[in-house]
file query.cif (mmCIF, N, CA and C atoms)
data_protein
#
loop_
_atom_site.label_atom_id
_atom_site.label_comp_id
_atom_site.auth_asym_id
_atom_site.auth_seq_id
_atom_site.Cartn_x
_atom_site.Cartn_y
_atom_site.Cartn_z
N MET A 1 0.82 -1.18 0.00
CA MET A 1 0.00 0.00 0.00
C MET A 1 0.88 1.26 0.00
N LYS A 2 1.92 1.25 0.83
CA LYS A 2 2.83 2.40 0.88
C LYS A 2 3.47 2.65 -0.47
N GLU A 3 3.90 1.58 -1.12
CA GLU A 3 4.53 1.72 -2.43
C GLU A 3 3.56 2.33 -3.44
N MET A 4 2.31 1.91 -3.40
CA MET A 4 1.31 2.45 -4.31
C MET A 4 1.12 3.96 -4.08
N ILE A 5 1.04 4.36 -2.82
CA ILE A 5 0.85 5.78 -2.51
C ILE A 5 2.06 6.59 -2.97
N VAL A 6 3.25 6.08 -2.71
CA VAL A 6 4.46 6.80 -3.10
C VAL A 6 4.59 6.88 -4.62
N CYS A 7 4.37 5.78 -5.30
CA CYS A 7 4.54 5.74 -6.76
C CYS A 7 3.41 6.43 -7.51
N GLN A 8 2.17 6.10 -7.18
CA GLN A 8 1.04 6.63 -7.92
C GLN A 8 0.53 7.94 -7.33
N GLY A 9 0.50 8.03 -6.03
CA GLY A 9 -0.04 9.23 -5.38
C GLY A 9 0.78 10.47 -5.69
N THR A 10 2.09 10.35 -5.64
CA THR A 10 2.96 11.49 -5.92
C THR A 10 2.73 12.01 -7.33
N THR A 11 2.60 11.11 -8.28
CA THR A 11 2.35 11.50 -9.67
C THR A 11 0.99 12.18 -9.79
N HIS A 12 -0.02 11.61 -9.15
CA HIS A 12 -1.36 12.18 -9.23
C HIS A 12 -1.39 13.59 -8.65
N PHE A 13 -0.86 13.78 -7.46
CA PHE A 13 -0.94 15.09 -6.82
C PHE A 13 0.01 16.11 -7.44
N ALA A 14 1.00 15.67 -8.20
CA ALA A 14 1.89 16.60 -8.90
C ALA A 14 1.12 17.42 -9.94
N GLN A 15 -0.01 16.92 -10.41
CA GLN A 15 -0.84 17.66 -11.37
C GLN A 15 -1.34 18.97 -10.78
N PHE A 16 -1.40 19.06 -9.47
CA PHE A 16 -2.03 20.19 -8.81
C PHE A 16 -1.03 21.19 -8.24
N LYS A 17 0.20 21.19 -8.79
CA LYS A 17 1.24 22.10 -8.31
C LYS A 17 0.80 23.55 -8.42
N ASP A 18 0.06 23.87 -9.47
CA ASP A 18 -0.31 25.27 -9.67
C ASP A 18 -1.73 25.56 -9.20
N PHE A 19 -2.11 24.95 -8.07
CA PHE A 19 -3.40 25.25 -7.45
C PHE A 19 -3.42 26.74 -7.10
N PRO A 20 -4.48 27.44 -7.28
CA PRO A 20 -5.82 27.01 -7.66
C PRO A 20 -6.09 27.04 -9.16
N HIS A 21 -5.11 27.50 -9.95
CA HIS A 21 -5.36 27.63 -11.39
C HIS A 21 -5.86 26.34 -12.02
N VAL A 22 -5.33 25.22 -11.61
CA VAL A 22 -5.74 23.94 -12.20
C VAL A 22 -7.23 23.70 -11.97
N ILE A 23 -7.78 24.19 -10.87
CA ILE A 23 -9.21 24.03 -10.58
C ILE A 23 -10.02 25.12 -11.27
N THR A 24 -9.57 26.36 -11.17
CA THR A 24 -10.35 27.48 -11.70
C THR A 24 -10.29 27.59 -13.22
N SER A 25 -9.41 26.84 -13.86
CA SER A 25 -9.35 26.88 -15.33
C SER A 25 -10.39 25.96 -15.98
N ILE A 26 -11.04 25.12 -15.21
CA ILE A 26 -12.08 24.22 -15.74
C ILE A 26 -13.33 25.04 -16.01
N THR A 27 -13.97 24.79 -17.16
CA THR A 27 -15.16 25.54 -17.55
C THR A 27 -16.42 24.69 -17.39
N THR A 28 -17.58 25.36 -17.38
CA THR A 28 -18.84 24.63 -17.32
C THR A 28 -19.03 23.81 -18.59
N ASN A 29 -18.48 24.27 -19.71
CA ASN A 29 -18.57 23.50 -20.95
C ASN A 29 -17.84 22.17 -20.81
N GLU A 30 -16.68 22.19 -20.16
CA GLU A 30 -15.94 20.94 -19.93
C GLU A 30 -16.73 20.01 -19.00
N LEU A 31 -17.41 20.58 -18.01
CA LEU A 31 -18.24 19.77 -17.13
C LEU A 31 -19.38 19.12 -17.92
N SER A 32 -20.01 19.90 -18.79
CA SER A 32 -21.16 19.40 -19.56
C SER A 32 -20.77 18.28 -20.50
N HIS A 33 -19.56 18.37 -21.04
CA HIS A 33 -19.13 17.39 -22.05
C HIS A 33 -18.14 16.37 -21.51
N ARG A 34 -17.85 16.43 -20.23
CA ARG A 34 -16.94 15.49 -19.56
C ARG A 34 -15.68 15.24 -20.40
N THR A 35 -14.87 16.29 -20.53
CA THR A 35 -13.69 16.22 -21.39
C THR A 35 -12.62 15.31 -20.81
N LYS A 36 -11.67 14.96 -21.65
CA LYS A 36 -10.56 14.10 -21.24
C LYS A 36 -9.69 14.77 -20.19
N ILE A 37 -9.67 16.10 -20.18
CA ILE A 37 -8.89 16.81 -19.16
C ILE A 37 -9.39 16.42 -17.77
N LEU A 38 -10.71 16.39 -17.62
CA LEU A 38 -11.28 16.03 -16.31
C LEU A 38 -10.98 14.59 -15.96
N ASP A 39 -11.08 13.70 -16.92
CA ASP A 39 -10.76 12.30 -16.66
C ASP A 39 -9.31 12.14 -16.25
N GLY A 40 -8.42 12.94 -16.85
CA GLY A 40 -7.01 12.89 -16.52
C GLY A 40 -6.73 13.29 -15.08
N TYR A 41 -7.56 14.17 -14.53
CA TYR A 41 -7.41 14.59 -13.15
C TYR A 41 -8.00 13.58 -12.18
N GLY A 42 -8.71 12.60 -12.71
CA GLY A 42 -9.40 11.67 -11.83
C GLY A 42 -10.53 12.40 -11.11
N ALA A 43 -11.17 13.30 -11.84
CA ALA A 43 -12.19 14.19 -11.27
C ALA A 43 -13.38 13.41 -10.75
N PRO A 44 -13.98 13.92 -9.66
CA PRO A 44 -15.19 13.29 -9.12
C PRO A 44 -16.38 13.53 -10.03
N LEU A 45 -17.51 13.01 -9.63
CA LEU A 45 -18.72 13.20 -10.41
C LEU A 45 -18.93 14.67 -10.73
N ASP A 46 -19.57 14.95 -11.84
CA ASP A 46 -19.69 16.31 -12.34
C ASP A 46 -20.27 17.29 -11.32
N LEU A 47 -21.32 16.91 -10.60
CA LEU A 47 -21.91 17.82 -9.62
C LEU A 47 -20.94 18.12 -8.49
N ARG A 48 -20.26 17.11 -8.01
CA ARG A 48 -19.28 17.33 -6.93
C ARG A 48 -18.13 18.19 -7.42
N LEU A 49 -17.72 17.99 -8.67
CA LEU A 49 -16.65 18.81 -9.22
C LEU A 49 -17.11 20.24 -9.38
N ALA A 50 -18.34 20.45 -9.85
CA ALA A 50 -18.88 21.80 -9.98
C ALA A 50 -18.91 22.50 -8.62
N LEU A 51 -19.28 21.76 -7.58
CA LEU A 51 -19.32 22.32 -6.24
C LEU A 51 -17.90 22.68 -5.76
N LEU A 52 -16.95 21.82 -6.02
CA LEU A 52 -15.55 22.09 -5.66
C LEU A 52 -15.05 23.35 -6.37
N ILE A 53 -15.34 23.46 -7.67
CA ILE A 53 -14.87 24.62 -8.43
C ILE A 53 -15.57 25.89 -7.92
N ALA A 54 -16.88 25.81 -7.69
CA ALA A 54 -17.62 26.97 -7.18
C ALA A 54 -17.05 27.42 -5.84
N ARG A 55 -16.79 26.47 -4.96
CA ARG A 55 -16.25 26.82 -3.65
C ARG A 55 -14.84 27.39 -3.75
N THR A 56 -14.05 26.88 -4.69
CA THR A 56 -12.70 27.41 -4.88
C THR A 56 -12.78 28.85 -5.36
N HIS A 57 -13.66 29.12 -6.34
CA HIS A 57 -13.83 30.50 -6.81
C HIS A 57 -14.30 31.40 -5.68
N ALA A 58 -15.24 30.93 -4.87
CA ALA A 58 -15.74 31.73 -3.74
C ALA A 58 -14.61 32.03 -2.76
N PHE A 59 -13.78 31.03 -2.47
CA PHE A 59 -12.64 31.21 -1.57
C PHE A 59 -11.68 32.26 -2.10
N LEU A 60 -11.51 32.30 -3.43
CA LEU A 60 -10.59 33.26 -4.05
C LEU A 60 -11.23 34.62 -4.26
N GLY A 61 -12.52 34.75 -3.91
CA GLY A 61 -13.20 36.03 -4.06
C GLY A 61 -13.81 36.25 -5.43
N ASN A 62 -13.89 35.20 -6.25
CA ASN A 62 -14.47 35.30 -7.59
C ASN A 62 -15.95 34.95 -7.52
N ALA A 63 -16.75 35.88 -6.97
CA ALA A 63 -18.17 35.62 -6.72
C ALA A 63 -18.95 35.31 -7.99
N VAL A 64 -18.63 35.97 -9.08
CA VAL A 64 -19.36 35.76 -10.34
C VAL A 64 -19.12 34.34 -10.85
N GLU A 65 -17.87 33.90 -10.84
CA GLU A 65 -17.57 32.54 -11.29
C GLU A 65 -18.14 31.50 -10.33
N ALA A 66 -18.10 31.78 -9.05
CA ALA A 66 -18.68 30.86 -8.07
C ALA A 66 -20.17 30.68 -8.36
N ALA A 67 -20.86 31.78 -8.59
CA ALA A 67 -22.30 31.72 -8.89
C ALA A 67 -22.55 31.01 -10.21
N ASN A 68 -21.68 31.22 -11.18
CA ASN A 68 -21.83 30.56 -12.49
C ASN A 68 -21.81 29.04 -12.33
N PHE A 69 -20.85 28.53 -11.59
CA PHE A 69 -20.75 27.08 -11.38
C PHE A 69 -21.87 26.58 -10.48
N ALA A 70 -22.29 27.40 -9.53
CA ALA A 70 -23.41 27.00 -8.67
C ALA A 70 -24.70 26.91 -9.48
N HIS A 71 -24.91 27.86 -10.39
CA HIS A 71 -26.09 27.79 -11.27
C HIS A 71 -26.04 26.53 -12.13
N TRP A 72 -24.85 26.23 -12.66
CA TRP A 72 -24.70 25.02 -13.48
C TRP A 72 -25.08 23.80 -12.66
N GLY A 73 -24.61 23.76 -11.43
CA GLY A 73 -24.93 22.64 -10.55
C GLY A 73 -26.42 22.51 -10.31
N LEU A 74 -27.07 23.64 -10.05
CA LEU A 74 -28.52 23.60 -9.81
C LEU A 74 -29.30 23.17 -11.05
N GLU A 75 -28.82 23.59 -12.21
CA GLU A 75 -29.49 23.22 -13.46
C GLU A 75 -29.31 21.74 -13.79
N ASN A 76 -28.28 21.13 -13.25
CA ASN A 76 -27.96 19.73 -13.55
C ASN A 76 -28.10 18.83 -12.33
N ILE A 77 -28.86 19.27 -11.35
CA ILE A 77 -28.93 18.60 -10.05
C ILE A 77 -29.53 17.20 -10.12
N GLY A 78 -30.48 16.98 -11.00
CA GLY A 78 -31.10 15.66 -11.11
C GLY A 78 -31.64 15.19 -9.77
N ASN A 79 -31.29 13.98 -9.39
CA ASN A 79 -31.77 13.40 -8.13
C ASN A 79 -30.88 13.72 -6.93
N ALA A 80 -29.83 14.47 -7.15
CA ALA A 80 -28.89 14.79 -6.07
C ALA A 80 -29.38 15.99 -5.26
N THR A 81 -30.61 15.92 -4.80
CA THR A 81 -31.24 17.05 -4.13
C THR A 81 -30.55 17.45 -2.82
N GLY A 82 -29.75 16.58 -2.28
CA GLY A 82 -29.01 16.90 -1.07
C GLY A 82 -27.98 17.99 -1.27
N LEU A 83 -27.64 18.28 -2.52
CA LEU A 83 -26.65 19.32 -2.82
C LEU A 83 -27.27 20.68 -3.10
N ILE A 84 -28.61 20.74 -3.16
CA ILE A 84 -29.27 22.00 -3.51
C ILE A 84 -28.85 23.13 -2.56
N GLN A 85 -28.86 22.89 -1.28
CA GLN A 85 -28.49 23.92 -0.31
C GLN A 85 -27.05 24.39 -0.52
N ASP A 86 -26.14 23.46 -0.78
CA ASP A 86 -24.74 23.82 -0.99
C ASP A 86 -24.57 24.77 -2.18
N PHE A 87 -25.27 24.44 -3.29
CA PHE A 87 -25.19 25.30 -4.46
C PHE A 87 -25.89 26.63 -4.23
N THR A 88 -27.05 26.59 -3.59
CA THR A 88 -27.82 27.81 -3.34
C THR A 88 -27.05 28.81 -2.50
N GLU A 89 -26.33 28.33 -1.51
CA GLU A 89 -25.52 29.21 -0.66
C GLU A 89 -24.47 29.97 -1.47
N LEU A 90 -23.99 29.37 -2.54
CA LEU A 90 -22.97 30.03 -3.36
C LEU A 90 -23.57 31.02 -4.34
N VAL A 91 -24.86 30.91 -4.61
CA VAL A 91 -25.53 31.84 -5.51
C VAL A 91 -25.90 33.11 -4.76
N ASP A 92 -26.29 32.96 -3.51
CA ASP A 92 -26.77 34.11 -2.71
C ASP A 92 -25.65 35.03 -2.31
#
call {"tool": "encode", "arguments": {"input": "query.cif", "output": "structure tokens"}}
result
Amino acid sequence: MKEMIVCQGTTHFAQFKDFPHVITSITTNELSHRTKILDGYGAPLDLRLALLIARTHAFLGNAVEAANFAHWGLENIGNATGLIQDFTELVD
């Protein structure tokens, strides 16, 4: 297990050296079309990723972008109604 974390984990997390840019450079269009860039990051489900990106933008003070991703999340919420409050808080 240790060998796996050292060999694979280090490579995986090296992708995020330029945080937060690596997160904030993802667009709602890429979320909608599930691009290979997202698959390369081992990105979580689209709604969870949208929430992560929205929260990152909010943390950085980018309220417009945070709201943009939160709106995308609400529009694509489907049966994941447990996330409605999380997205709504970022819109307000």
call {"tool": "atom_distance", "arguments": {"input": "query.cif", "atom1": "atom N of Glu75 of chain A", "atom2": "atom N of Ala58 of chain A"}}
result
17.1 Å
call {"tool": "closest_residue", "arguments": {"input": "query.cif", "among": "A:Leu47, A:Thr27, A:Ala67, A:Arg55", "to": "Gly82 of chain A", "atoms": "only C-alpha atoms"}}
result
A:Leu47
call {"tool": "resolve_selection", "arguments": {"input": "query.cif", "expression": "the PyMOL selection byres (((chain A and resi 91 and name CA) around 10) and name CA)", "output": "VMD selection string"}}
result
chain A and resid 54 58 63 to 71 74 85 to 90 92
call {"tool": "write_last_selection", "arguments": {"input": "query.cif", "atoms": "N, CA and C atoms", "output": "PDB file, in the coordinates of the input"}}
result
ATOM      1  N   ALA A  54     -16.880  25.810  -7.690  1.00  0.00           N
ATOM      2  CA  ALA A  54     -17.620  26.970  -7.180  1.00  0.00           C
ATOM      3  C   ALA A  54     -17.050  27.420  -5.840  1.00  0.00           C
ATOM      4  N   ALA A  58     -15.240  30.930  -4.870  1.00  0.00           N
ATOM      5  CA  ALA A  58     -15.740  31.730  -3.740  1.00  0.00           C
ATOM      6  C   ALA A  58     -14.610  32.030  -2.760  1.00  0.00           C
ATOM      7  N   ALA A  63     -16.750  35.880  -6.970  1.00  0.00           N
ATOM      8  CA  ALA A  63     -18.170  35.620  -6.720  1.00  0.00           C
ATOM      9  C   ALA A  63     -18.950  35.310  -7.990  1.00  0.00           C
ATOM     10  N   VAL A  64     -18.630  35.970  -9.080  1.00  0.00           N
ATOM     11  CA  VAL A  64     -19.360  35.760 -10.340  1.00  0.00           C
ATOM     12  C   VAL A  64     -19.120  34.340 -10.850  1.00  0.00           C
ATOM     13  N   GLU A  65     -17.870  33.900 -10.840  1.00  0.00           N
ATOM     14  CA  GLU A  65     -17.570  32.540 -11.290  1.00  0.00           C
ATOM     15  C   GLU A  65     -18.140  31.500 -10.330  1.00  0.00           C
ATOM     16  N   ALA A  66     -18.100  31.780  -9.050  1.00  0.00           N
ATOM     17  CA  ALA A  66     -18.680  30.860  -8.070  1.00  0.00           C
ATOM     18  C   ALA A  66     -20.170  30.680  -8.360  1.00  0.00           C
ATOM     19  N   ALA A  67     -20.860  31.780  -8.590  1.00  0.00           N
ATOM     20  CA  ALA A  67     -22.300  31.720  -8.890  1.00  0.00           C
ATOM     21  C   ALA A  67     -22.550  31.010 -10.210  1.00  0.00           C
ATOM     22  N   ASN A  68     -21.680  31.220 -11.180  1.00  0.00           N
ATOM     23  CA  ASN A  68     -21.830  30.560 -12.490  1.00  0.00           C
ATOM     24  C   ASN A  68     -21.810  29.040 -12.330  1.00  0.00           C
ATOM     25  N   PHE A  69     -20.850  28.530 -11.590  1.00  0.00           N
ATOM     26  CA  PHE A  69     -20.750  27.080 -11.380  1.00  0.00           C
ATOM     27  C   PHE A  69     -21.870  26.580 -10.480  1.00  0.00           C
ATOM     28  N   ALA A  70     -22.290  27.400  -9.530  1.00  0.00           N
ATOM     29  CA  ALA A  70     -23.410  27.000  -8.670  1.00  0.00           C
ATOM     30  C   ALA A  70     -24.700  26.910  -9.480  1.00  0.00           C
ATOM     31  N   HIS A  71     -24.910  27.860 -10.390  1.00  0.00           N
ATOM     32  CA  HIS A  71     -26.090  27.790 -11.270  1.00  0.00           C
ATOM     33  C   HIS A  71     -26.040  26.530 -12.130  1.00  0.00           C
ATOM     34  N   LEU A  74     -27.070  23.640 -10.050  1.00  0.00           N
ATOM     35  CA  LEU A  74     -28.520  23.600  -9.810  1.00  0.00           C
ATOM     36  C   LEU A  74     -29.300  23.170 -11.050  1.00  0.00           C
ATOM     37  N   GLN A  85     -28.860  22.890  -1.280  1.00  0.00           N
ATOM     38  CA  GLN A  85     -28.490  23.920  -0.310  1.00  0.00           C
ATOM     39  C   GLN A  85     -27.050  24.390  -0.520  1.00  0.00           C
ATOM     40  N   ASP A  86     -26.140  23.460  -0.780  1.00  0.00           N
ATOM     41  CA  ASP A  86     -24.740  23.820  -0.990  1.00  0.00           C
ATOM     42  C   ASP A  86     -24.570  24.770  -2.180  1.00  0.00           C
ATOM     43  N   PHE A  87     -25.270  24.440  -3.290  1.00  0.00           N
ATOM     44  CA  PHE A  87     -25.190  25.300  -4.460  1.00  0.00           C
ATOM     45  C   PHE A  87     -25.890  26.630  -4.230  1.00  0.00           C
ATOM     46  N   THR A  88     -27.050  26.590  -3.590  1.00  0.00           N
ATOM     47  CA  THR A  88     -27.820  27.810  -3.340  1.00  0.00           C
ATOM     48  C   THR A  88     -27.050  28.810  -2.500  1.00  0.00           C
ATOM     49  N   GLU A  89     -26.330  28.330  -1.510  1.00  0.00           N
ATOM     50  CA  GLU A  89     -25.520  29.210  -0.660  1.00  0.00           C
ATOM     51  C   GLU A  89     -24.470  29.970  -1.470  1.00  0.00           C
ATOM     52  N   LEU A  90     -23.990  29.370  -2.540  1.00  0.00           N
ATOM     53  CA  LEU A  90     -22.970  30.030  -3.360  1.00  0.00           C
ATOM     54  C   LEU A  90     -23.570  31.020  -4.340  1.00  0.00           C
ATOM     55  N   ASP A  92     -26.290  32.960  -3.510  1.00  0.00           N
ATOM     56  CA  ASP A  92     -26.770  34.110  -2.710  1.00  0.00           C
ATOM     57  C   ASP A  92     -25.650  35.030  -2.310  1.00  0.00           C
TER      58      ASP A  92
END
call {"tool": "atom_distance", "arguments": {"input": "query.cif", "atom1": "atom CA of Ala50 of chain A", "atom2": "atom N of Gly78 of chain A"}}
result
12.6 Å
call {"tool": "atom_distance", "arguments": {"input": "query.cif", "atom1": "atom C of Glu30 of chain A", "atom2": "atom CA of Gly61 of chain A"}}
result
22.2 Å
